[in-house]
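Colleague: After the structure tokens below, expect a handful of questions from me.
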Amino acid sequence: MSDRTFIRLLIIVVLLGMLVTVAHCIYIYFAYQNSSIIQFIARELWL
Amino acid sequence: MKKIIAISGIIFLFIIVNVFLYVTITSRLANNFSGTSQLKMVDVAKFLPFEETSELARTGSSLKFQRDDDLPVLDGAAALVPVYASVIENCYPAGCVTYEGGVFSDDNYYGENFAPDSVMQYQNTVRGFDALVEGSVDLFFTAHPSKEQMQSAKEKDVELEIVPIGLEAFVFFVNKDNPVGGLTTEQIRSIYRGEITNWKEVGGASKMINPLTRIKGSGSQTMMDKFMEDKMLTSRRLLSVFGAGIGYSFRYYLSGMVADDHVKMLAVDGIYPSAENVRNGSYPISTKFYAVYRKDNQNEKVARLVDWLLSEEGQTMIEACGYVGLSDES
């Protein structure tokens with residue numbers, strides 16, 4: 001793999017990863033404001 | 001090879017971050033307005049009058065309306081569906097409730113499953129109260145209306161009669177695995193003012209506290225505003241989402257209707273919110289719930305129904321629904 005291809009691939013992977021993560025965070029932000037508090041606490045993880 | 005490992009490592013990193021977010025937060029989000037969540041809030045089909053399998057208090061009544069009477073239309077908060085459905089079961093003639101069996105969905109998030117001419121409606125606190133003010137509902141069962149709701153009625157020149165009909169405990173709850181079993185009222189207020197932020201400060205694990213709030217205008221949020229004397233966090237804090245939550249609700253709604261084994265109610269000032277402790281007045285945050293109607297409602301059966309609710313028969317029915325009647329108020 002040439003350096004040029006690697007850089008392009010790297011940029012694409014980072015951008016896609018950030019896009020998915022930001023979309024996930026935006027979903028969390030809005031869904032969290034209206035989520036059922038009983039369900040949210042009931043599903044809490046205590047390890 | 002190193003380049004492929006680098007690319008794979010970055011992909012793996014993003015996967016780890018998103019899986020972590022999913023496990024710790026996303027998988028716990030149940031939108032209050034989704035179909036599934038509404039069914040969990042109250043499956044109204046379980047409380048249909050005149051159905052043998054319905055979970056209603058069939059305590060009998062000397063007040064019996066007839067088919068050709070001008071029957072008052074009843075609506076109410078989710079937590080009070082068993083009460084007003086039981087009123088219909090005991091006092092109304094069969095055939096006056098038309099349940100259309102609609103499926104809860106995001107387009108039908110309050111469960112508009114009743115025909116417009118049905119005497120039983122279920123629009124929950126916010127929309128049901130508006131329907132009362134607009135006149136399509138005669139009698140509304142609820143916690144005390146919020147300041148905003150009262151102001152909204154006033155702006156429309158609607159005067160309301162607000163009649164207490166029973167007692168209920170306002171409760172705080174946590175996950176069943178949270179080692180904290182009780183808090184004082186001052187600790188609760190400090191948590192919801194952002195002054196106490198870690199469970200270890202109140203004898204629990206070293207874990208951030210996530211003080212969860214409800215939507216404005218809901219019965220429990222109105223009660224919480226009153227409890228907090230209007231000085232509390234105004235929205236859910238995003239960063240505390242990774243902590244262990246505390247929430248609030250009404251006793252029977254939480255323990256009798258939702259009945260989720262994964263949450264537990266907290267004792268307040270050392271008193272557990274049992275029906276007995278609400279009845280004897282020892283639980284410190286008891287409240288009344290109400291039947292509300294427009295003062296200008298011309299249907300005399302509305303007042304008769306309210307009188308019946310306050311009678312021994314009505315109070316017996318309220319007790320049989322799992323709430324505490326006013327007659328037992330100490």
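Residues in the structure tokens are numbered from 1 in each chain, the chains being A, B, ... in the order shown, and ligands are numbered from 1 in the order shown.
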Can you build me a table of chain B residues sitting at most 8 Å from chain A, with the closest atom pair per residue and its distance in Å to one decimal, using only C-alpha atoms, sorted by chain and residue number, as a Markdown table?

Modeller:
```
| residue | atom | partner | partner_atom | distance |
| --- | --- | --- | --- | --- |
| B:Lys3 | CA | A:Phe6 | CA | 6.9 |
| B:Ile7 | CA | A:Leu10 | CA | 6.3 |
| B:Ile10 | CA | A:Val14 | CA | 7.3 |
| B:Ile11 | CA | A:Val13 | CA | 6.9 |
| B:Phe14 | CA | A:Gly17 | CA | 5.7 |
| B:Val17 | CA | A:Thr21 | CA | 7.8 |
| B:Asn18 | CA | A:Thr21 | CA | 6.3 |
| B:Thr24 | CA | A:Leu45 | CA | 7.3 |
| B:Ile25 | CA | A:Ile28 | CA | 7.4 |
| B:Thr26 | CA | A:Ile28 | CA | 6.3 |
| B:Ser27 | CA | A:Arg43 | CA | 8.0 |
| B:Arg28 | CA | A:Phe40 | CA | 4.9 |
| B:Leu29 | CA | A:Ser35 | CA | 5.5 |
| B:Ala30 | CA | A:Ser35 | CA | 5.0 |
| B:Asn31 | CA | A:Ser35 | CA | 4.1 |
| B:Asn32 | CA | A:Ser36 | CA | 5.0 |
| B:Phe33 | CA | A:Asn34 | CA | 7.7 |
| B:Ser37 | CA | A:Ser36 | CA | 7.3 |
| B:Val174 | CA | A:Ile41 | CA | 6.4 |
| B:Asn175 | CA | A:Ile41 | CA | 5.5 |
| B:Lys176 | CA | A:Ala42 | CA | 7.7 |
| B:Asp177 | CA | A:Trp46 | CA | 6.4 |
| B:Asn178 | CA | A:Trp46 | CA | 7.6 |
| B:Leu212 | CA | A:Ile37 | CA | 6.5 |
| B:Thr213 | CA | A:Ile37 | CA | 7.6 |
| B:Arg214 | CA | A:Ile37 | CA | 7.5 |
| B:Ile215 | CA | A:Asn34 | CA | 7.4 |
| B:Ser235 | CA | A:Gln33 | CA | 8.0 |
| B:Arg236 | CA | A:Gln33 | CA | 6.8 |
| B:Leu238 | CA | A:Tyr29 | CA | 7.6 |
| B:Ala244 | CA | A:Glu44 | CA | 7.1 |
| B:Gly245 | CA | A:Ile41 | CA | 5.7 |
| B:Ile246 | CA | A:Ile41 | CA | 7.2 |
| B:Gly247 | CA | A:Ile37 | CA | 6.3 |
| B:Asp260 | CA | A:Ala42 | CA | 7.3 |
| B:Asp261 | CA | A:Ala42 | CA | 8.0 |
| B:His262 | CA | A:Ala42 | CA | 4.8 |
| B:Val263 | CA | A:Ala42 | CA | 5.3 |
```

Colleague: Go ahead and save the residues from that selection, with N, CA and C atoms, as a CSV table (one decimal), in the first residue's frame.

Modeller:
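Generated file (selection.csv):
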```csv
chain,number,residue,atom,x,y,z
B,3,LYS,N,0.8,-0.6,8.2
B,3,LYS,CA,-0.3,0.3,7.8
B,3,LYS,C,-1.7,-0.4,8.0
B,7,ILE,N,-4.7,0.9,10.5
B,7,ILE,CA,-6.1,1.1,10.1
B,7,ILE,C,-7.0,0.3,10.9
B,10,ILE,N,-7.5,1.7,14.4
B,10,ILE,CA,-8.4,2.8,14.5
B,10,ILE,C,-9.9,2.4,14.4
B,11,ILE,N,-10.1,1.4,13.5
B,11,ILE,CA,-11.5,0.9,13.3
B,11,ILE,C,-11.9,0.2,14.7
B,14,PHE,N,-12.9,2.8,17.3
B,14,PHE,CA,-14.2,3.4,17.2
B,14,PHE,C,-15.3,2.4,17.6
B,17,VAL,N,-15.4,2.3,21.4
B,17,VAL,CA,-16.1,3.5,21.9
B,17,VAL,C,-17.6,3.4,21.8
B,18,ASN,N,-18.1,3.0,20.6
B,18,ASN,CA,-19.5,2.9,20.3
B,18,ASN,C,-20.2,1.7,21.1
B,24,THR,N,-23.5,1.1,28.1
B,24,THR,CA,-23.7,1.9,29.3
B,24,THR,C,-24.9,2.9,29.1
B,25,ILE,N,-25.2,3.3,27.9
B,25,ILE,CA,-26.3,4.3,27.8
B,25,ILE,C,-27.4,3.9,26.8
B,26,THR,N,-27.1,3.7,25.6
B,26,THR,CA,-28.1,3.5,24.6
B,26,THR,C,-29.0,2.4,24.9
B,27,SER,N,-28.5,1.3,25.3
B,27,SER,CA,-29.4,0.1,25.6
B,27,SER,C,-30.4,0.4,26.7
B,28,ARG,N,-30.1,1.4,27.5
B,28,ARG,CA,-31.0,1.7,28.7
B,28,ARG,C,-32.1,2.8,28.3
B,29,LEU,N,-32.0,3.3,27.1
B,29,LEU,CA,-32.9,4.4,26.8
B,29,LEU,C,-34.2,3.8,26.2
B,30,ALA,N,-35.3,4.1,26.9
B,30,ALA,CA,-36.6,3.7,26.5
B,30,ALA,C,-37.4,5.0,26.3
B,31,ASN,N,-37.6,5.4,25.1
B,31,ASN,CA,-38.2,6.7,24.9
B,31,ASN,C,-39.6,6.7,25.5
B,32,ASN,N,-40.0,7.7,26.3
B,32,ASN,CA,-41.3,7.8,26.9
B,32,ASN,C,-42.4,7.8,25.9
B,33,PHE,N,-42.1,8.2,24.7
B,33,PHE,CA,-43.1,8.3,23.7
B,33,PHE,C,-43.1,7.2,22.7
B,37,SER,N,-42.5,1.6,25.3
B,37,SER,CA,-42.5,2.3,26.6
B,37,SER,C,-43.8,2.7,27.2
B,174,VAL,N,-34.2,3.8,43.2
B,174,VAL,CA,-32.8,3.5,42.6
B,174,VAL,C,-32.8,2.1,42.1
B,175,ASN,N,-31.7,1.7,41.4
B,175,ASN,CA,-31.6,0.4,41.0
B,175,ASN,C,-31.5,-0.6,42.2
B,176,LYS,N,-32.0,-1.8,42.0
B,176,LYS,CA,-32.1,-2.7,43.1
B,176,LYS,C,-30.7,-3.1,43.7
B,177,ASP,N,-29.7,-3.0,42.8
B,177,ASP,CA,-28.3,-3.3,43.3
B,177,ASP,C,-27.6,-2.1,44.0
B,178,ASN,N,-28.2,-1.0,44.0
B,178,ASN,CA,-27.6,0.2,44.6
B,178,ASN,C,-27.7,-0.1,46.2
B,212,LEU,N,-32.2,12.0,37.9
B,212,LEU,CA,-33.0,12.0,36.8
B,212,LEU,C,-34.3,12.9,37.0
B,213,THR,N,-34.7,13.6,36.0
B,213,THR,CA,-35.9,14.5,36.1
B,213,THR,C,-36.9,14.0,35.1
B,214,ARG,N,-38.2,14.5,35.3
B,214,ARG,CA,-39.2,14.1,34.3
B,214,ARG,C,-39.6,15.3,33.5
B,215,ILE,N,-40.5,15.1,32.6
B,215,ILE,CA,-41.0,16.2,31.7
B,215,ILE,C,-41.9,17.2,32.4
B,235,SER,N,-32.7,20.4,34.1
B,235,SER,CA,-32.6,19.3,33.1
B,235,SER,C,-31.7,18.2,33.5
B,236,ARG,N,-31.8,17.1,32.8
B,236,ARG,CA,-30.9,16.0,33.2
B,236,ARG,C,-29.4,16.4,32.8
B,238,LEU,N,-25.9,15.9,31.5
B,238,LEU,CA,-25.4,14.9,30.5
B,238,LEU,C,-24.3,14.1,31.0
B,244,ALA,N,-24.9,6.4,38.8
B,244,ALA,CA,-26.0,5.6,39.2
B,244,ALA,C,-27.2,6.5,39.4
B,245,GLY,N,-28.3,6.2,38.8
B,245,GLY,CA,-29.4,7.1,38.9
B,245,GLY,C,-30.3,7.0,40.1
B,246,ILE,N,-31.0,8.1,40.3
B,246,ILE,CA,-32.1,8.2,41.3
B,246,ILE,C,-33.3,8.9,40.5
B,247,GLY,N,-34.5,8.4,40.8
B,247,GLY,CA,-35.6,8.9,40.1
B,247,GLY,C,-36.8,9.0,41.1
B,260,ASP,N,-41.5,-3.0,38.3
B,260,ASP,CA,-40.3,-3.5,37.7
B,260,ASP,C,-39.4,-4.0,38.9
B,261,ASP,N,-39.0,-5.2,38.9
B,261,ASP,CA,-38.2,-5.8,40.0
B,261,ASP,C,-36.8,-5.2,40.1
B,262,HIS,N,-36.4,-4.5,39.0
B,262,HIS,CA,-35.0,-4.1,39.0
B,262,HIS,C,-34.8,-2.7,39.6
B,263,VAL,N,-35.9,-2.1,40.1
B,263,VAL,CA,-35.8,-0.9,40.9
B,263,VAL,C,-36.4,-1.1,42.3
```

Colleague: I'd like the contact shell of Ser62 (chain B) - 9 Å cut-off, only C-alpha atoms, skipping same-chain residues fewer than 5 positions apart - returned as a VMD selection string.

Modeller: chain B and resid 90 to 91 308 313

Colleague: Among region 119-227 of chain B, which residues does DSSP mark as strand (DSSP E) when it is run on the backbone? Keep the chain and numbering as in the structure and answer as a PyMOL selection string.

Modeller: chain B and resi 139-142+160-175+182-183+209-211

Colleague: CA of Val158 (chain B) to CA of Asp138 (chain B): how many Å, to one decimal?

Modeller: 12.9 Å

Colleague: List as an mmCIF file with C-alpha atoms, in the first residue's frame the protein and nucleic acid residues near Tyr122 (chain B), meaning an atom at most 10 Å away when only C-alpha atoms are counted, but skip any in the same chain fewer than 3 places from it.

Modeller:
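Generated output (part_3.cif):
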```
data_model
loop_
_atom_site.group_PDB
_atom_site.id
_atom_site.type_symbol
_atom_site.label_atom_id
_atom_site.label_comp_id
_atom_site.auth_asym_id
_atom_site.auth_seq_id
_atom_site.Cartn_x
_atom_site.Cartn_y
_atom_site.Cartn_z
ATOM 1 C CA VAL B 44 -54.694 0.378 29.298
ATOM 2 C CA LEU B 74 -63.509 10.415 32.396
ATOM 3 C CA ASP B 75 -59.812 10.794 31.687
ATOM 4 C CA GLY B 76 -56.702 10.912 33.823
ATOM 5 C CA ALA B 77 -53.047 10.397 34.512
ATOM 6 C CA ALA B 78 -51.496 7.028 33.690
ATOM 7 C CA VAL B 81 -56.215 4.638 35.109
ATOM 8 C CA ALA B 85 -61.725 2.678 35.063
ATOM 9 C CA TYR B 110 -50.637 8.461 24.241
ATOM 10 C CA GLY B 111 -52.619 5.432 23.167
ATOM 11 C CA GLU B 112 -55.643 6.971 21.517
ATOM 12 C CA ASN B 113 -57.447 3.689 21.697
ATOM 13 C CA PHE B 114 -60.873 4.869 22.721
ATOM 14 C CA THR B 125 -51.684 14.136 32.341
ATOM 15 C CA ARG B 127 -53.149 16.293 27.021
ATOM 16 C CA GLY B 128 -55.949 15.027 29.261
#
```

Colleague: Report as a VMD selection string: the residues of region 32-238 of chain B with a DSSP assignment of alpha helix (DSSP H), based on the backbone of this structure.

Modeller: chain B and resid 35 to 41 81 to 91 124 to 134 147 to 155 185 to 192 219 to 227
